[in-house]
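Novice: Handing you a structure now.
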Amino acid sequence: KAGVTQTPRYLIKTRGQQVTLSCSPISGHRSVSWYQQTPGQGLQFLFEYFSETQRNKGNFPGRFSGRQFSNSRSEMNVSTLELGDSALYLCASSLVFDYEQYFGPGTRLTVT
Amino acid sequence: AQTVTQSQPEMSVQEAETVTLSCTYDTSESDYYLFWYKQPPSRQMILVIRQEAYKQQNATENRFSVNFQKAAKSFSLKISDSQLGDAAMYFCAYRRETYSGAGSYQLTFGKGTKLSVIP
């Protein structure tokens, strides 16, 4: 069974631009979570989607948004990029009633 | 809010020796899950071991075992017969068991411990 995939793997953007990251969960997984990883703040929860609905959201500004499609694939969008948004963005998927999350390889976003 | 603390930013171990990584957490919940994740230089997060809070028996996965002390809110990871491939960042994580609105199902991570394995 294929693992969680994330595209693109690397991205360089300029301040003020917006970016969209994509995550395809493991087949059959309906819950998708997003995390931001930075050297200073560590791993922080962004949001979680289940059946196309945002079920939980972390403490991030409204510039960070996401969505989930009917095939469980998820996208996250960051508008008006700031230098501090440079991070590794990790996506994780899980079964409906399973507590184990499986992570993708991440997207490395650099904002210049 | 739940918090997870890993007090050892870096540790090292000789190949074939045993090392223990520490983790403490704070929660008012009685039912929850605890995890240790490994993140090698490739950045892929890999689940090492998990523990359900309602289980008194400590989880074991091959060379990896935990010492779960619920009353003390402590969850340490022991790696036996350390191998070069064990070198990585190790993260302790907490997750609430049941869905109860905001904050449910998210993983709360510690800051991590960087483990080096010396040949």
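Chains: A, B, ... in order of the structure tokens. Residues: from 1 per chain. Ligands: from 1, in order shown.
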Considering only C-alpha atoms, return as JSON, numbers by chain whatever protein or nucleic-acid residues lie within 12 Å of A:Ile12, sequence-local ones (same chain, fewer than 3 positions apart) excluded.

Specialist: {"A": [8, 9, 15, 17, 18, 19, 20, 81, 83, 85, 86, 87, 88, 107, 108, 109, 110, 111, 112]}

Novice: Grab the residues selected above and save them as a tab-separated table (two decimals), in the first residue's frame with N, CA, C and O atoms.

Specialist:
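Output contents, as saved in again_7.tsv:
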```tsv
chain	number	residue	atom	x	y	z
A	8	PRO	N	4.57	19.90	-3.63
A	8	PRO	CA	5.91	19.50	-4.03
A	8	PRO	C	6.76	19.16	-2.81
A	8	PRO	O	6.33	19.37	-1.68
A	9	ARG	N	7.93	18.65	-3.01
A	9	ARG	CA	8.81	18.33	-1.88
A	9	ARG	C	9.58	19.58	-1.43
A	9	ARG	O	9.88	19.73	-0.26
A	15	ARG	N	8.26	36.70	-0.19
A	15	ARG	CA	7.33	37.33	0.75
A	15	ARG	C	6.16	37.96	0.01
A	15	ARG	O	6.32	38.62	-1.01
A	17	GLN	N	3.76	36.43	-1.49
A	17	GLN	CA	3.11	35.48	-2.39
A	17	GLN	C	2.25	34.51	-1.60
A	17	GLN	O	2.22	34.52	-0.37
A	18	GLN	N	1.52	33.67	-2.32
A	18	GLN	CA	0.76	32.62	-1.66
A	18	GLN	C	1.25	31.28	-2.19
A	18	GLN	O	1.89	31.19	-3.24
A	19	VAL	N	0.94	30.22	-1.43
A	19	VAL	CA	1.42	28.90	-1.81
A	19	VAL	C	0.36	27.86	-1.46
A	19	VAL	O	-0.41	28.02	-0.50
A	20	THR	N	0.30	26.82	-2.27
A	20	THR	CA	-0.60	25.69	-2.02
A	20	THR	C	0.20	24.40	-1.97
A	20	THR	O	0.98	24.13	-2.88
A	81	LEU	N	2.68	35.33	2.23
A	81	LEU	CA	3.78	34.64	2.92
A	81	LEU	C	4.69	35.61	3.66
A	81	LEU	O	4.99	36.71	3.18
A	83	LEU	N	8.47	35.69	6.11
A	83	LEU	CA	9.71	34.94	6.27
A	83	LEU	C	9.57	33.82	7.30
A	83	LEU	O	10.13	32.74	7.15
A	85	ASP	N	7.24	31.92	7.82
A	85	ASP	CA	6.49	30.75	7.34
A	85	ASP	C	7.42	29.69	6.76
A	85	ASP	O	6.97	28.59	6.43
A	86	SER	N	8.70	30.01	6.64
A	86	SER	CA	9.67	29.03	6.18
A	86	SER	C	9.70	27.86	7.16
A	86	SER	O	9.92	28.05	8.36
A	87	ALA	N	9.44	26.68	6.67
A	87	ALA	CA	9.29	25.52	7.56
A	87	ALA	C	9.16	24.26	6.73
A	87	ALA	O	9.01	24.30	5.51
A	88	LEU	N	9.18	23.14	7.46
A	88	LEU	CA	8.82	21.85	6.87
A	88	LEU	C	7.35	21.62	7.22
A	88	LEU	O	6.97	21.67	8.39
A	107	THR	N	6.88	18.86	2.91
A	107	THR	CA	7.21	19.87	1.91
A	107	THR	C	8.06	20.93	2.60
A	107	THR	O	7.63	21.52	3.60
A	108	ARG	N	9.25	21.15	2.06
A	108	ARG	CA	10.15	22.17	2.62
A	108	ARG	C	9.86	23.49	1.92
A	108	ARG	O	10.14	23.63	0.73
A	109	LEU	N	9.29	24.45	2.64
A	109	LEU	CA	8.97	25.77	2.10
A	109	LEU	C	10.00	26.78	2.58
A	109	LEU	O	10.24	26.91	3.79
A	110	THR	N	10.58	27.48	1.64
A	110	THR	CA	11.51	28.56	1.96
A	110	THR	C	10.93	29.86	1.44
A	110	THR	O	10.59	29.95	0.25
A	111	VAL	N	10.81	30.84	2.32
A	111	VAL	CA	10.29	32.15	1.93
A	111	VAL	C	11.44	33.16	1.96
A	111	VAL	O	12.12	33.30	2.99
A	112	THR	N	11.68	33.82	0.83
A	112	THR	CA	12.79	34.78	0.76
A	112	THR	C	12.28	36.21	0.61
A	112	THR	O	11.10	36.42	0.28
```

Novice: Do a neighbour search on A:Tyr102 at 7 Å with only C-alpha atoms, toss out local chain neighbours closer than 6 positions, and write the hits as an MDAnalysis selection string.

Specialist: chainID A and resid 92:94

Novice: Write the residues you've just listed into a file as a short mmCIF file (atom, residue, chain, number, x, y, z; two decimals), in the first residue's frame, and include C-alpha atoms for each of them.

Specialist:
```cif
data_model
loop_
_atom_site.label_atom_id
_atom_site.label_comp_id
_atom_site.auth_asym_id
_atom_site.auth_seq_id
_atom_site.Cartn_x
_atom_site.Cartn_y
_atom_site.Cartn_z
CA ALA A 92 -0.36 12.81 8.30
CA SER A 93 -3.28 10.51 7.63
CA SER A 94 -5.17 7.99 9.72
#
```

Novice: Using only C-alpha atoms, find the residues of chain A whose closest atom to chain B is at most 9 Å away, then write them as a PDB file with N, CA and C atoms, in the first residue's frame.

Specialist:
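The result, written out as out.pdb:
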```
ATOM      1  N   SER A  33      -4.191  15.358   8.755  1.00  0.00           N
ATOM      2  CA  SER A  33      -3.734  16.437   9.640  1.00  0.00           C
ATOM      3  C   SER A  33      -2.506  17.095   9.046  1.00  0.00           C
ATOM      4  N   GLN A  41      10.109  26.605  16.967  1.00  0.00           N
ATOM      5  CA  GLN A  41       8.826  26.233  17.574  1.00  0.00           C
ATOM      6  C   GLN A  41       8.584  24.732  17.594  1.00  0.00           C
ATOM      7  N   GLY A  42       9.404  23.982  16.902  1.00  0.00           N
ATOM      8  CA  GLY A  42       9.197  22.538  16.860  1.00  0.00           C
ATOM      9  C   GLY A  42       8.017  22.169  15.982  1.00  0.00           C
ATOM     10  N   LEU A  43       7.334  21.107  16.349  1.00  0.00           N
ATOM     11  CA  LEU A  43       6.192  20.619  15.580  1.00  0.00           C
ATOM     12  C   LEU A  43       4.911  21.188  16.151  1.00  0.00           C
ATOM     13  N   GLN A  44       4.171  21.892  15.310  1.00  0.00           N
ATOM     14  CA  GLN A  44       2.926  22.496  15.753  1.00  0.00           C
ATOM     15  C   GLN A  44       1.775  22.076  14.856  1.00  0.00           C
ATOM     16  N   PHE A  45       0.662  21.774  15.463  1.00  0.00           N
ATOM     17  CA  PHE A  45      -0.536  21.336  14.758  1.00  0.00           C
ATOM     18  C   PHE A  45      -1.192  22.509  14.042  1.00  0.00           C
ATOM     19  N   LEU A  46      -1.495  22.296  12.767  1.00  0.00           N
ATOM     20  CA  LEU A  46      -2.169  23.329  11.980  1.00  0.00           C
ATOM     21  C   LEU A  46      -3.673  23.090  11.932  1.00  0.00           C
ATOM     22  N   PHE A  47      -4.081  21.991  11.332  1.00  0.00           N
ATOM     23  CA  PHE A  47      -5.499  21.622  11.280  1.00  0.00           C
ATOM     24  C   PHE A  47      -5.657  20.161  10.902  1.00  0.00           C
ATOM     25  N   GLU A  48      -6.896  19.684  11.108  1.00  0.00           N
ATOM     26  CA  GLU A  48      -7.239  18.309  10.787  1.00  0.00           C
ATOM     27  C   GLU A  48      -8.556  18.297  10.025  1.00  0.00           C
ATOM     28  N   ARG A  55     -12.120  19.630  11.285  1.00  0.00           N
ATOM     29  CA  ARG A  55     -12.598  19.209  12.592  1.00  0.00           C
ATOM     30  C   ARG A  55     -11.841  19.924  13.717  1.00  0.00           C
ATOM     31  N   ASN A  56     -10.585  20.244  13.464  1.00  0.00           N
ATOM     32  CA  ASN A  56      -9.773  20.919  14.469  1.00  0.00           C
ATOM     33  C   ASN A  56      -8.833  21.896  13.807  1.00  0.00           C
ATOM     34  N   LYS A  57      -8.510  22.961  14.524  1.00  0.00           N
ATOM     35  CA  LYS A  57      -7.584  23.949  13.999  1.00  0.00           C
ATOM     36  C   LYS A  57      -6.647  24.377  15.109  1.00  0.00           C
ATOM     37  N   GLY A  58      -5.388  24.504  14.763  1.00  0.00           N
ATOM     38  CA  GLY A  58      -4.399  24.954  15.720  1.00  0.00           C
ATOM     39  C   GLY A  58      -4.366  26.466  15.804  1.00  0.00           C
ATOM     40  N   LEU A  88       9.176  23.138   7.459  1.00  0.00           N
ATOM     41  CA  LEU A  88       8.817  21.854   6.868  1.00  0.00           C
ATOM     42  C   LEU A  88       7.349  21.620   7.216  1.00  0.00           C
ATOM     43  N   LEU A  90       4.343  19.075   7.308  1.00  0.00           N
ATOM     44  CA  LEU A  90       4.103  17.641   7.322  1.00  0.00           C
ATOM     45  C   LEU A  90       2.615  17.341   7.300  1.00  0.00           C
ATOM     46  N   TYR A  99      -5.916   5.569  16.078  1.00  0.00           N
ATOM     47  CA  TYR A  99      -5.198   6.685  16.669  1.00  0.00           C
ATOM     48  C   TYR A  99      -3.808   6.866  16.087  1.00  0.00           C
ATOM     49  N   GLU A 100      -3.396   5.970  15.222  1.00  0.00           N
ATOM     50  CA  GLU A 100      -2.049   6.043  14.672  1.00  0.00           C
ATOM     51  C   GLU A 100      -2.024   6.911  13.416  1.00  0.00           C
ATOM     52  N   GLN A 101      -1.143   7.897  13.398  1.00  0.00           N
ATOM     53  CA  GLN A 101      -1.006   8.773  12.253  1.00  0.00           C
ATOM     54  C   GLN A 101       0.246   8.412  11.463  1.00  0.00           C
ATOM     55  N   TYR A 102       0.098   8.368  10.157  1.00  0.00           N
ATOM     56  CA  TYR A 102       1.194   8.045   9.255  1.00  0.00           C
ATOM     57  C   TYR A 102       1.590   9.314   8.513  1.00  0.00           C
ATOM     58  N   PHE A 103       2.871   9.633   8.597  1.00  0.00           N
ATOM     59  CA  PHE A 103       3.333  10.903   8.057  1.00  0.00           C
ATOM     60  C   PHE A 103       3.884  10.773   6.646  1.00  0.00           C
ATOM     61  N   GLY A 104       3.727  11.852   5.888  1.00  0.00           N
ATOM     62  CA  GLY A 104       4.361  11.971   4.593  1.00  0.00           C
ATOM     63  C   GLY A 104       5.766  12.515   4.742  1.00  0.00           C
ATOM     64  N   PRO A 105       6.495  12.645   3.632  1.00  0.00           N
ATOM     65  CA  PRO A 105       7.892  13.103   3.677  1.00  0.00           C
ATOM     66  C   PRO A 105       8.030  14.603   3.916  1.00  0.00           C
ATOM     67  N   GLY A 106       6.924  15.339   3.795  1.00  0.00           N
ATOM     68  CA  GLY A 106       6.972  16.772   4.057  1.00  0.00           C
ATOM     69  C   GLY A 106       7.251  17.612   2.826  1.00  0.00           C
TER      70      GLY A 106
END
```

Novice: Tell me, as a PyMOL selection string, which residues lie within 9 Å of B:Asp86, counting only C-alpha atoms; anything in the same chain fewer than 2 positions away does not count.

Specialist: chain B and resi 38+40+79+82-84+88+115-117

Novice: Go ahead and write the residues just picked, N, CA, C and O atoms, as an mmCIF file, in the first residue's frame.

Specialist:
```
data_model
loop_
_atom_site.group_PDB
_atom_site.id
_atom_site.type_symbol
_atom_site.label_atom_id
_atom_site.label_comp_id
_atom_site.auth_asym_id
_atom_site.auth_seq_id
_atom_site.Cartn_x
_atom_site.Cartn_y
_atom_site.Cartn_z
ATOM 1 N N LYS B 38 10.365 8.745 15.329
ATOM 2 C CA LYS B 38 11.752 8.923 14.925
ATOM 3 C C LYS B 38 11.766 9.731 13.635
ATOM 4 O O LYS B 38 10.988 9.471 12.719
ATOM 5 N N PRO B 40 14.646 10.666 11.014
ATOM 6 C CA PRO B 40 16.034 10.642 10.538
ATOM 7 C C PRO B 40 16.322 11.859 9.669
ATOM 8 O O PRO B 40 15.419 12.655 9.413
ATOM 9 N N ILE B 79 16.228 2.172 24.075
ATOM 10 C CA ILE B 79 16.702 1.534 22.849
ATOM 11 C C ILE B 79 17.835 0.596 23.224
ATOM 12 O O ILE B 79 18.863 1.035 23.756
ATOM 13 N N SER B 82 21.896 -0.566 20.415
ATOM 14 C CA SER B 82 21.802 0.570 19.490
ATOM 15 C C SER B 82 22.566 0.313 18.203
ATOM 16 O O SER B 82 23.675 -0.246 18.207
ATOM 17 N N GLN B 83 21.954 0.736 17.117
ATOM 18 C CA GLN B 83 22.550 0.574 15.795
ATOM 19 C C GLN B 83 22.750 1.940 15.153
ATOM 20 O O GLN B 83 22.096 2.914 15.528
ATOM 21 N N LEU B 84 23.654 1.994 14.169
ATOM 22 C CA LEU B 84 23.934 3.265 13.504
ATOM 23 C C LEU B 84 22.667 3.865 12.904
ATOM 24 O O LEU B 84 22.492 5.084 12.877
ATOM 25 N N ALA B 88 18.979 9.715 14.954
ATOM 26 C CA ALA B 88 17.855 10.502 14.458
ATOM 27 C C ALA B 88 17.379 11.440 15.555
ATOM 28 O O ALA B 88 17.866 11.401 16.680
ATOM 29 N N LEU B 115 19.568 11.985 18.872
ATOM 30 C CA LEU B 115 20.366 10.844 19.293
ATOM 31 C C LEU B 115 21.481 10.585 18.285
ATOM 32 O O LEU B 115 21.215 10.424 17.086
ATOM 33 N N SER B 116 22.696 10.537 18.773
ATOM 34 C CA SER B 116 23.852 10.169 17.960
ATOM 35 C C SER B 116 24.330 8.796 18.393
ATOM 36 O O SER B 116 24.342 8.478 19.593
ATOM 37 N N VAL B 117 24.709 7.973 17.420
ATOM 38 C CA VAL B 117 25.224 6.642 17.705
ATOM 39 C C VAL B 117 26.694 6.601 17.291
ATOM 40 O O VAL B 117 27.029 6.837 16.122
#
```

Novice: Out of stretch 20-49 of chain B, which residues get strand (DSSP E) from DSSP, as a VMD selection string?

Specialist: chain B and resid 20 to 21 24 to 26 32 to 39 46 to 49

Novice: Restrict the selected residues to N, CA and C atoms and save them as an mmCIF file, in the first residue's frame.

Specialist:
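Once everything was written out, this is part-v7.cif:
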```cif
data_model
loop_
_atom_site.group_PDB
_atom_site.id
_atom_site.type_symbol
_atom_site.label_atom_id
_atom_site.label_comp_id
_atom_site.auth_asym_id
_atom_site.auth_seq_id
_atom_site.Cartn_x
_atom_site.Cartn_y
_atom_site.Cartn_z
ATOM 1 N N THR B 20 18.426 5.516 27.102
ATOM 2 C CA THR B 20 17.048 5.837 27.491
ATOM 3 C C THR B 20 16.779 7.317 27.273
ATOM 4 N N LEU B 21 15.718 7.595 26.544
ATOM 5 C CA LEU B 21 15.300 8.976 26.272
ATOM 6 C C LEU B 21 14.103 9.301 27.166
ATOM 7 N N THR B 24 8.258 13.688 29.701
ATOM 8 C CA THR B 24 7.188 13.886 30.676
ATOM 9 C C THR B 24 6.091 14.684 29.998
ATOM 10 N N TYR B 25 4.886 14.549 30.504
ATOM 11 C CA TYR B 25 3.756 15.227 29.890
ATOM 12 C C TYR B 25 2.806 15.704 30.977
ATOM 13 N N ASP B 26 1.975 16.614 30.607
ATOM 14 C CA ASP B 26 1.015 17.155 31.547
ATOM 15 C C ASP B 26 -0.362 17.104 30.901
ATOM 16 N N TYR B 32 -5.679 8.456 27.089
ATOM 17 C CA TYR B 32 -4.922 9.126 26.029
ATOM 18 C C TYR B 32 -3.938 8.132 25.436
ATOM 19 N N TYR B 33 -3.245 8.573 24.413
ATOM 20 C CA TYR B 33 -2.219 7.757 23.778
ATOM 21 C C TYR B 33 -0.892 8.510 23.809
ATOM 22 N N LEU B 34 0.166 7.753 23.915
ATOM 23 C CA LEU B 34 1.505 8.319 23.869
ATOM 24 C C LEU B 34 2.293 7.612 22.777
ATOM 25 N N PHE B 35 3.166 8.378 22.131
ATOM 26 C CA PHE B 35 3.925 7.845 21.011
ATOM 27 C C PHE B 35 5.379 8.313 21.085
ATOM 28 N N TRP B 36 6.238 7.510 20.502
ATOM 29 C CA TRP B 36 7.581 7.955 20.168
ATOM 30 C C TRP B 36 7.720 7.874 18.652
ATOM 31 N N TYR B 37 8.117 9.005 18.069
ATOM 32 C CA TYR B 37 8.383 9.072 16.637
ATOM 33 C C TYR B 37 9.873 9.302 16.418
ATOM 34 N N LYS B 38 10.365 8.745 15.329
ATOM 35 C CA LYS B 38 11.752 8.923 14.925
ATOM 36 C C LYS B 38 11.766 9.731 13.635
ATOM 37 N N GLN B 39 12.657 10.728 13.576
ATOM 38 C CA GLN B 39 12.799 11.516 12.369
ATOM 39 C C GLN B 39 14.272 11.533 11.960
ATOM 40 N N ILE B 46 8.662 8.595 11.488
ATOM 41 C CA ILE B 46 8.350 7.169 11.558
ATOM 42 C C ILE B 46 7.914 6.828 12.973
ATOM 43 N N LEU B 47 6.773 6.161 13.086
ATOM 44 C CA LEU B 47 6.302 5.754 14.404
ATOM 45 C C LEU B 47 7.175 4.620 14.931
ATOM 46 N N VAL B 48 7.699 4.803 16.128
ATOM 47 C CA VAL B 48 8.562 3.791 16.744
ATOM 48 C C VAL B 48 7.745 2.885 17.655
ATOM 49 N N ILE B 49 6.927 3.488 18.496
ATOM 50 C CA ILE B 49 6.198 2.714 19.492
ATOM 51 C C ILE B 49 5.049 3.543 20.028
#
```
